[in-house]
Structures are given as structure tokens and as C-alpha cells.
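First the structure, in the form of C-alpha cells, and then the observations on it.
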Amino acid sequence: MKVSKGELIREIDKYSIEKLGIPSIILMENAALGVVKHLMLNEKEYYVVICGRGNNGGDALAVTRHLIAAGKKVSVFSIGLNPMSKDCGVNHDILCNMGVKITNISNVEDIEFLRDSIIRSDVVVDGIFGIGLKREVRGVYDLAITVINETSKKTISIDVPSGFSGDTGEVFGNCIKASKTITFETYKRGFLNYGSHEYTGEVVIEKIGIPDFVVDKYHNKEFFLERKFIQKKTKERALYSHKGNYGHVMVIAGSEGMTGASTIATKAAVKSGAGLTTLISCEDALQAVRNFVPEAMWKKNDDSQGIETLMGKVNSIAIGPGLGKSNETLNNVKRVLKNTDGTIVIDADAINVLEGKTNLLKEAKGNVIITPHPGEMARLTGMEIKKIQSDRIEIAKEFAREYGVIVVLKGYNTIITNGEVSYINPTGNGAMANGGMGDCLTGIIASLCAQGYSPMDASCIGVYAHGECGDKVSEHKFVVTATDIIDNISKTIKELT
Ligand SMILES: NC(=O)C1=CN([C@@H]2O[C@H](COP(=O)(O)OP(=O)(O)OC[C@H]3O[C@@H](n4cnc5c(N)ncnc54)[C@H](OP(=O)(O)O)[C@@H]3O)[C@@H](O)[C@H]2O)[C@H](O)CC1
Ligand SMILES: [K+]
């Protein structure tokens, strides 16, 4: 599923209209039909439609025509109708020709009339602003939005909830809180922001007749991860395969007093299918792994040549969980970057020690995946967490491009990017928000890398499967722990093949 800003929509619109010769009114009609599909015509009888003067309003007026044709009762309201966009005007004229009354909202009495109508209605269709919203919502617009939010039983927003920036996820003063948003052609970037769901409700994408090649021509390669995409990439294990076919993961994790993280990462690597897994750690952590992950091998972390030789042989290395922020950890990171040409998954304290030393990443012999949460990303980039949260995709992309790494920026809608192509993950849930989850993900991704998946595929499959596993467990559990994921990840990956 493609993700974009409004700018792309304008470009594909322009191309379709000017180069392909599709009249803009046809695109509007398709948009309206896409919305009508979601208006529950079988169950609902009375609709309130509210429209602005741009093309979003035009879509809403075309929707009105279809509702009337379907025999529904419809009250139509407009706000600030003059001057209307050309296609909004066409649909406005058609309704006038049909004898449909359109109440223009210009004062407080009109607002009260709107309130009464909404109270009696089953569904409100919001076509006040779409991607053309540019400034703070004020006056009657502000009042109308408040009344809709206070009184509507079910609000369906056309393209974006009015008041919401499809580009940045900002709310311009006041905003519709929709039950569902029917957006066109692409998932809007702003919907990815924390808290956007409160305004968009469920988001559905409808195609409006623009050929895929036109979208691809302008699309900046940002995608929402879809199950079928992950399924296509996840391979079944071959009948005649042996452990040598599934690679060797080295996990460098754990320190005195912090042994849990290394056990989790190691076990996650084993359970997600690596042929061999070796933990490199302190004596305490090795003891824990001996007790809890008998399948794994282990080696004491020291300065020996033996460890560096092994680093040169393994297919992937996960480094960071529970290592502690110390010089020793920094030295371990340097050793890994220098000695392996396998894929390196850098997490937790291995990220923290790179604060101010990110140029080290450029020296890596192998491919690098870093898996920061927003706090770690903030430390790494020297930005505030708030800044990271406000533009996660762009910040992750820039970092990936600058250092030649893959960034897995964790959180709600985890982002996976190599700077050129970016994926946004829809799986996972709040029940998974507890310690050890990240260590577990690191083990899974490193394991998939060792099994021969490309670093980008391993990151996408790992993140998606980790979240889906958490979603399944959370169906019958209040909290999902890393141990729950470890117990179920093998089944989840199998279901994805
Ligand atoms: N390819 C597609 O996806 C298609 C989408 N369609 C629909 O078109 C809208 C975008 O339409 P557009 O006309 O560009 O913009 P809007 O309808 O969102 O609104 C623009 C008008 O709103 C005024 N405006 C903007 N901000 C405010 C504000 N805060 N207060 C009051 N008025 C505001 C703006 O006025 P200006 O003076 O700033 O120009 C405009 O009058 C898209 O979202 C889809 O719903 C097409 O139907 C088909 C193709
Ligand atoms: K809208």
C-alpha cells in the first residue's frame, strides 16, 4: 500500500488530467463512488452531508447525489461556498437542478440547525476540507466541526478528517473525529503520526481510476507493509535442508546484572530459525543461556583473536541488548564493524555508545541495521524526541542515507528504511509495550539475516512477524511479554510462509 503526501496527489491528478485526458470531474465522480461504498446504505436512512468550497466539498456534493438516487434522506450543508472550485460548482449546480436544498452555514442559528439535523441523522459525511487545508480553522468552520464531533453518531470523512493535515498529521486548530476516513489512491503521510487515529478512525483507501503507472511515476517509494507482501517474501524451509543452510548468528549482549536481555535476544534468534546461534557475553549471562537456551552455543567475551575469527565466519551479528553503556561496549561495536562482512544488527546500548560517534557506521565492512526506539534515535541524532516523533519517516530516511545503513525506527507504525525505499509496519499493539520486546526483535531480525534474507527483507519480515505475533497473543492476554513472543514466533513465521 503506497504512502504519500498531498503533493503526489496533485502531481498524479495533473498528469491524469493533462496528459491522459481524464476529465477531473470523472476523478471526482470515482472518488464519490468510492465513498458511497462505505456509507452503509443497507442499514442507514438519514444522512447529513457537509461540504466546503474546494474539491473535497465537490466530492461530498457528488456523494449527496448518489445518496438521493439510492432513496436516502439527506440534509446538505455548505460552509463558505464562494468561490467554489470548478468541479465543486458542477456538482453544486446538478443538485440545484435536482431541486435539492443546500443550507449555507454562516451564523450561529445555522449552526443550531446543523446540530438538530445531525441529532436526527444516522451518518454525517464530512467534506469540509481535504488535502487543500492550509491554515487554522476558525469561525463557523470551527463551530461546525465542534458540533459534528459533539453530536454525530458516525462520521465518515472524505479523504482526510477536516482540520487534519494529510502531510504532517498536525491539527489546524480544530478537527473532525471520524469513525472512518475514506482516502484516495494513497495512505496519507500524516496518518502515520502518533495520535492520528483519534481523528481518522479506520482508514480505507479507494482507487479513483488513476492508472498505477502514473502513481509509480511520482511515488517516493514509501509503503505500508501488507501481509501478502510479507507472505511473498517469507520462504518455506526446504525438505532436504540442514542447519548449515540457515546460517549462524552471533549475539553480543548481556552484562553482569543484565542477563535477561541476552537470553531473550539469543532465544529469539534460535526460535526464529537460525541454523546456529552463539552468545558472546559475560559469565553470568552465559550461565543464564546455558540454563534457558540449551540450543545456543556460547563463548566468554574477551579480547581473544578467537572471537574476532568467529566474527569473520558468522552470517550475522546482533549487538547491544543489555551490554551497558561503557567503553567496553564501544570497543565491541568497533570490533564487529571491522571484523564481519555479515549483517550487523545494532540495538540498545550499542546504539547509545554511538552518540557523537555515528561516523563509525561508515566504516562497517558488512551491512548495518540499526533498531532505535525514538529515545535512542534522539540521542543518536542530537534531536529532541518530539522532533523525531513529528517527522519520523524523513528523519529515519536521512539517517539511513547519510550513514548507508537500514534504520528500523521502532514505535507505533515502526519505520524500516534504507533511505531509498521505506516501509511502515501496521502490526503490533500497546500490550507489547514492556521491557525485552526490542531485544526480542533484534534476535529475530539477526536470525532472518543469517538465514539468507536480504537485510531489508529480514527487517520487514522480522518487524511484521514480531507485531503480528504480539497481535495474536494479545487477543487473549492483557500484556504480551518477550517470552510470549519467543514462544509463538515460530508459529507466526510459519503462518507467513
Ligand atoms: N486525486 C485525488 O485524490 C482527487 C481528490 N479530490 C478531492 O479534492 C480534494 C482536494 O481539493 P482542493 O480543492 O485542492 O482542496 P480542499 O477541498 O481540501 O479545500 C480547499 C478550499 O478550502 C479553503 N481553505 C483551506 N484552508 C482553509 C481554512 N482553514 N479555512 C477556510 N477555508 C480554507 C481553500 O481556500 P483558499 O483561499 O486557501 O484557496 C480552498 O477554497 C481532496 O482532498 C479530495 O477530496 C478530487 O475530487 C478528485 C481527485
Ligand atoms: K474531509
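Labels for the C-alpha cells follow display order: chains A, B, ..., residues from 1 in each chain, ligands from 1.
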Distance table requested - chain A against ligand 2, cut-off 12 Å, only C-alpha atoms and all ligand atoms: one row per qualifying residue with the closest atom pair and its distance in Å to one decimal, ordered by chain and rising residue number, as JSON lines.
```
{"residue": "A:Val35", "atom": "CA", "partner": "ligand 2", "partner_atom_place_in_ligand_line": "1 (K)", "distance": 11.2}
{"residue": "A:Val49", "atom": "CA", "partner": "ligand 2", "partner_atom_place_in_ligand_line": "1 (K)", "distance": 10.7}
{"residue": "A:Ile50", "atom": "CA", "partner": "ligand 2", "partner_atom_place_in_ligand_line": "1 (K)", "distance": 9.1}
{"residue": "A:Cys51", "atom": "CA", "partner": "ligand 2", "partner_atom_place_in_ligand_line": "1 (K)", "distance": 8.2}
{"residue": "A:Gly52", "atom": "CA", "partner": "ligand 2", "partner_atom_place_in_ligand_line": "1 (K)", "distance": 8.7}
{"residue": "A:Arg53", "atom": "CA", "partner": "ligand 2", "partner_atom_place_in_ligand_line": "1 (K)", "distance": 11.4}
{"residue": "A:Gly54", "atom": "CA", "partner": "ligand 2", "partner_atom_place_in_ligand_line": "1 (K)", "distance": 10.3}
{"residue": "A:Asn55", "atom": "CA", "partner": "ligand 2", "partner_atom_place_in_ligand_line": "1 (K)", "distance": 9.9}
{"residue": "A:Asn56", "atom": "CA", "partner": "ligand 2", "partner_atom_place_in_ligand_line": "1 (K)", "distance": 6.2}
{"residue": "A:Gly57", "atom": "CA", "partner": "ligand 2", "partner_atom_place_in_ligand_line": "1 (K)", "distance": 7.9}
{"residue": "A:Gly58", "atom": "CA", "partner": "ligand 2", "partner_atom_place_in_ligand_line": "1 (K)", "distance": 10.7}
{"residue": "A:Asp59", "atom": "CA", "partner": "ligand 2", "partner_atom_place_in_ligand_line": "1 (K)", "distance": 9.3}
{"residue": "A:Ala60", "atom": "CA", "partner": "ligand 2", "partner_atom_place_in_ligand_line": "1 (K)", "distance": 8.6}
{"residue": "A:Val124", "atom": "CA", "partner": "ligand 2", "partner_atom_place_in_ligand_line": "1 (K)", "distance": 11.0}
{"residue": "A:Val125", "atom": "CA", "partner": "ligand 2", "partner_atom_place_in_ligand_line": "1 (K)", "distance": 8.2}
{"residue": "A:Asp126", "atom": "CA", "partner": "ligand 2", "partner_atom_place_in_ligand_line": "1 (K)", "distance": 4.9}
{"residue": "A:Gly127", "atom": "CA", "partner": "ligand 2", "partner_atom_place_in_ligand_line": "1 (K)", "distance": 4.1}
{"residue": "A:Ile128", "atom": "CA", "partner": "ligand 2", "partner_atom_place_in_ligand_line": "1 (K)", "distance": 5.1}
{"residue": "A:Phe129", "atom": "CA", "partner": "ligand 2", "partner_atom_place_in_ligand_line": "1 (K)", "distance": 4.6}
{"residue": "A:Gly130", "atom": "CA", "partner": "ligand 2", "partner_atom_place_in_ligand_line": "1 (K)", "distance": 4.7}
{"residue": "A:Ile131", "atom": "CA", "partner": "ligand 2", "partner_atom_place_in_ligand_line": "1 (K)", "distance": 8.2}
{"residue": "A:Gly132", "atom": "CA", "partner": "ligand 2", "partner_atom_place_in_ligand_line": "1 (K)", "distance": 9.8}
{"residue": "A:Leu133", "atom": "CA", "partner": "ligand 2", "partner_atom_place_in_ligand_line": "1 (K)", "distance": 9.4}
{"residue": "A:Ile145", "atom": "CA", "partner": "ligand 2", "partner_atom_place_in_ligand_line": "1 (K)", "distance": 10.7}
{"residue": "A:Thr155", "atom": "CA", "partner": "ligand 2", "partner_atom_place_in_ligand_line": "1 (K)", "distance": 10.2}
{"residue": "A:Ile156", "atom": "CA", "partner": "ligand 2", "partner_atom_place_in_ligand_line": "1 (K)", "distance": 8.4}
{"residue": "A:Ser157", "atom": "CA", "partner": "ligand 2", "partner_atom_place_in_ligand_line": "1 (K)", "distance": 4.8}
{"residue": "A:Ile158", "atom": "CA", "partner": "ligand 2", "partner_atom_place_in_ligand_line": "1 (K)", "distance": 4.3}
{"residue": "A:Asp159", "atom": "CA", "partner": "ligand 2", "partner_atom_place_in_ligand_line": "1 (K)", "distance": 5.6}
{"residue": "A:Val160", "atom": "CA", "partner": "ligand 2", "partner_atom_place_in_ligand_line": "1 (K)", "distance": 4.8}
{"residue": "A:Pro161", "atom": "CA", "partner": "ligand 2", "partner_atom_place_in_ligand_line": "1 (K)", "distance": 4.6}
{"residue": "A:Ser162", "atom": "CA", "partner": "ligand 2", "partner_atom_place_in_ligand_line": "1 (K)", "distance": 4.3}
{"residue": "A:Gly163", "atom": "CA", "partner": "ligand 2", "partner_atom_place_in_ligand_line": "1 (K)", "distance": 7.9}
{"residue": "A:Phe164", "atom": "CA", "partner": "ligand 2", "partner_atom_place_in_ligand_line": "1 (K)", "distance": 8.5}
{"residue": "A:Ser165", "atom": "CA", "partner": "ligand 2", "partner_atom_place_in_ligand_line": "1 (K)", "distance": 10.4}
{"residue": "A:Gly166", "atom": "CA", "partner": "ligand 2", "partner_atom_place_in_ligand_line": "1 (K)", "distance": 10.3}
{"residue": "A:Cys175", "atom": "CA", "partner": "ligand 2", "partner_atom_place_in_ligand_line": "1 (K)", "distance": 9.6}
{"residue": "A:Ile176", "atom": "CA", "partner": "ligand 2", "partner_atom_place_in_ligand_line": "1 (K)", "distance": 8.1}
{"residue": "A:Lys177", "atom": "CA", "partner": "ligand 2", "partner_atom_place_in_ligand_line": "1 (K)", "distance": 10.4}
{"residue": "A:Ala178", "atom": "CA", "partner": "ligand 2", "partner_atom_place_in_ligand_line": "1 (K)", "distance": 9.3}
{"residue": "A:Lys180", "atom": "CA", "partner": "ligand 2", "partner_atom_place_in_ligand_line": "1 (K)", "distance": 10.8}
{"residue": "A:Thr181", "atom": "CA", "partner": "ligand 2", "partner_atom_place_in_ligand_line": "1 (K)", "distance": 8.2}
{"residue": "A:Ile182", "atom": "CA", "partner": "ligand 2", "partner_atom_place_in_ligand_line": "1 (K)", "distance": 9.0}
{"residue": "A:Thr183", "atom": "CA", "partner": "ligand 2", "partner_atom_place_in_ligand_line": "1 (K)", "distance": 9.2}
{"residue": "A:Phe184", "atom": "CA", "partner": "ligand 2", "partner_atom_place_in_ligand_line": "1 (K)", "distance": 11.4}
{"residue": "A:Tyr199", "atom": "CA", "partner": "ligand 2", "partner_atom_place_in_ligand_line": "1 (K)", "distance": 10.9}
{"residue": "A:Thr200", "atom": "CA", "partner": "ligand 2", "partner_atom_place_in_ligand_line": "1 (K)", "distance": 9.9}
```
Can you list, as a count of residues only, all residues belonging to stretch 201-303 of chain A that DSSP tags as strand (DSSP E)? 23
Need the shell around stretch 97-106 of chain A: protein/DNA/RNA residues with any atom at most 9 Å away, counting only C-alpha atoms. Skip same-chain ones fewer than 2 positions apart. Format as a list in words? Arg65, Ser75, Val76, Phe77, Ser78, Ile79, Gly80, Leu81, His92, Asp93, Ile94, Leu95, Val108, Glu109, Asp110, Ile111, Leu114, Val140, Tyr141 and Ala144 of chain A
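Atom CA of A:Ile370 lies 5.8 Å from atom CA of A:Val345.
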Spatial neighbours of stretch 298-311 of chain A, max dist 7 Å, only C-alpha atoms, sep filter under 3 positions, as a ChimeraX atom specification: /A:278-283,286,314,336,339-340
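Considering the residues A:Ala350, A:Val214, A:Ala31, A:Ala396 and counting only C-alpha atoms, A:Glu328 has its shortest atom-to-atom contact with A:Ala350.
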Please identify all polymer residues within 7 Å of A:Gly462, counting only C-alpha atoms, omitting same-chain residues fewer than 3 positions from it, and present them as an mmCIF file with C-alpha atoms, in the first residue's frame.
```
data_model
loop_
_atom_site.group_PDB
_atom_site.id
_atom_site.type_symbol
_atom_site.label_atom_id
_atom_site.label_comp_id
_atom_site.auth_asym_id
_atom_site.auth_seq_id
_atom_site.Cartn_x
_atom_site.Cartn_y
_atom_site.Cartn_z
ATOM 1 C CA LEU A 441 13.037 -8.112 17.745
ATOM 2 C CA ILE A 444 14.513 -12.183 15.195
ATOM 3 C CA ILE A 445 15.949 -9.806 12.576
ATOM 4 C CA ALA A 458 14.824 -9.536 7.136
ATOM 5 C CA SER A 459 13.922 -6.208 8.753
ATOM 6 C CA ALA A 465 6.065 -11.033 12.256
ATOM 7 C CA HIS A 466 7.046 -9.697 15.699
#
```
Which residues are close to stretch 422-436 of chain A, i.e. within 8 Å by only C-alpha atoms, leaving aside same-chain residues fewer than 6 positions away? Reply as a CSV table (one decimal) with C-alpha atoms, in the first residue's frame.
```csv
chain,number,residue,atom,x,y,z
A,221,LYS,CA,8.7,4.6,-2.6
A,222,GLU,CA,7.0,4.7,0.8
A,223,PHE,CA,4.8,1.7,1.5
A,224,PHE,CA,2.6,0.4,4.2
A,225,LEU,CA,3.6,-3.3,4.8
A,226,GLU,CA,0.9,-5.6,3.7
A,260,GLY,CA,17.8,-11.1,30.7
A,261,ALA,CA,18.3,-9.1,27.5
A,264,ILE,CA,15.8,-13.0,25.2
A,393,ILE,CA,10.0,8.9,8.2
A,397,LYS,CA,15.4,8.2,5.8
A,412,TYR,CA,3.7,2.8,16.7
A,413,ASN,CA,4.0,2.1,13.0
A,414,THR,CA,7.6,1.1,13.0
A,415,ILE,CA,9.5,2.5,10.0
A,416,ILE,CA,12.0,0.4,8.0
A,460,CYS,CA,10.5,-6.1,7.1
A,463,VAL,CA,9.2,-6.4,12.3
A,464,TYR,CA,5.9,-7.5,10.7
A,465,ALA,CA,6.1,-11.0,12.3
A,466,HIS,CA,7.0,-9.7,15.7
A,467,GLY,CA,4.0,-7.4,15.6
A,468,GLU,CA,1.6,-9.9,14.2
A,469,CYS,CA,2.7,-12.4,16.8
A,470,GLY,CA,2.0,-9.8,19.5
A,471,ASP,CA,-1.4,-9.1,18.0
A,474,SER,CA,-3.0,-10.0,22.8
A,478,PHE,CA,-3.7,-8.1,28.7
A,479,VAL,CA,0.0,-7.9,28.4
A,480,VAL,CA,2.3,-9.6,25.8
A,481,THR,CA,5.9,-10.2,27.0
A,482,ALA,CA,9.0,-11.0,25.1
```
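Closest approach to ligand 1 from the set A:Ser117, A:Gln231, A:Asn174, A:Thr442 is made by A:Asn174, with distances taken over only C-alpha atoms and all ligand atoms.
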Backbone-only DSSP, alpha helix (DSSP H) members of stretch 265-483 of chain A, as a PyMOL selection string: chain A and resi 265-271+283-292+305-313+327-339+348-352+374-381+385-390+392-403+437-450+455-474+482-483
So, counting only C-alpha atoms and all ligand atoms, which residue among A:Lys472, A:Lys188, A:Lys44, A:Lys154 is closest to ligand 1? A:Lys188
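Taking only C-alpha atoms and all ligand atoms into account, ligand 1 lies nearest to A:Glu185 out of the set A:Glu185, A:Lys153, A:Glu18, A:Val74.
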Pick out the closest residue to ligand 1 from this set: A:Gly356, A:Gly195, A:Pro211, A:Gly366. Count only C-alpha atoms and all ligand atoms. A:Pro211
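For the choices A:Ser152, A:Val63, A:Ser326, A:Arg290, the atom-to-atom distance to A:Asn352 is smallest for A:Ser326 when using only C-alpha atoms.
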Need the shell around A:Leu323: protein/DNA/RNA residues with any atom at most 7 Å away, counting only C-alpha atoms. Skip same-chain ones fewer than 4 positions apart. Format as a count of residues only? 5
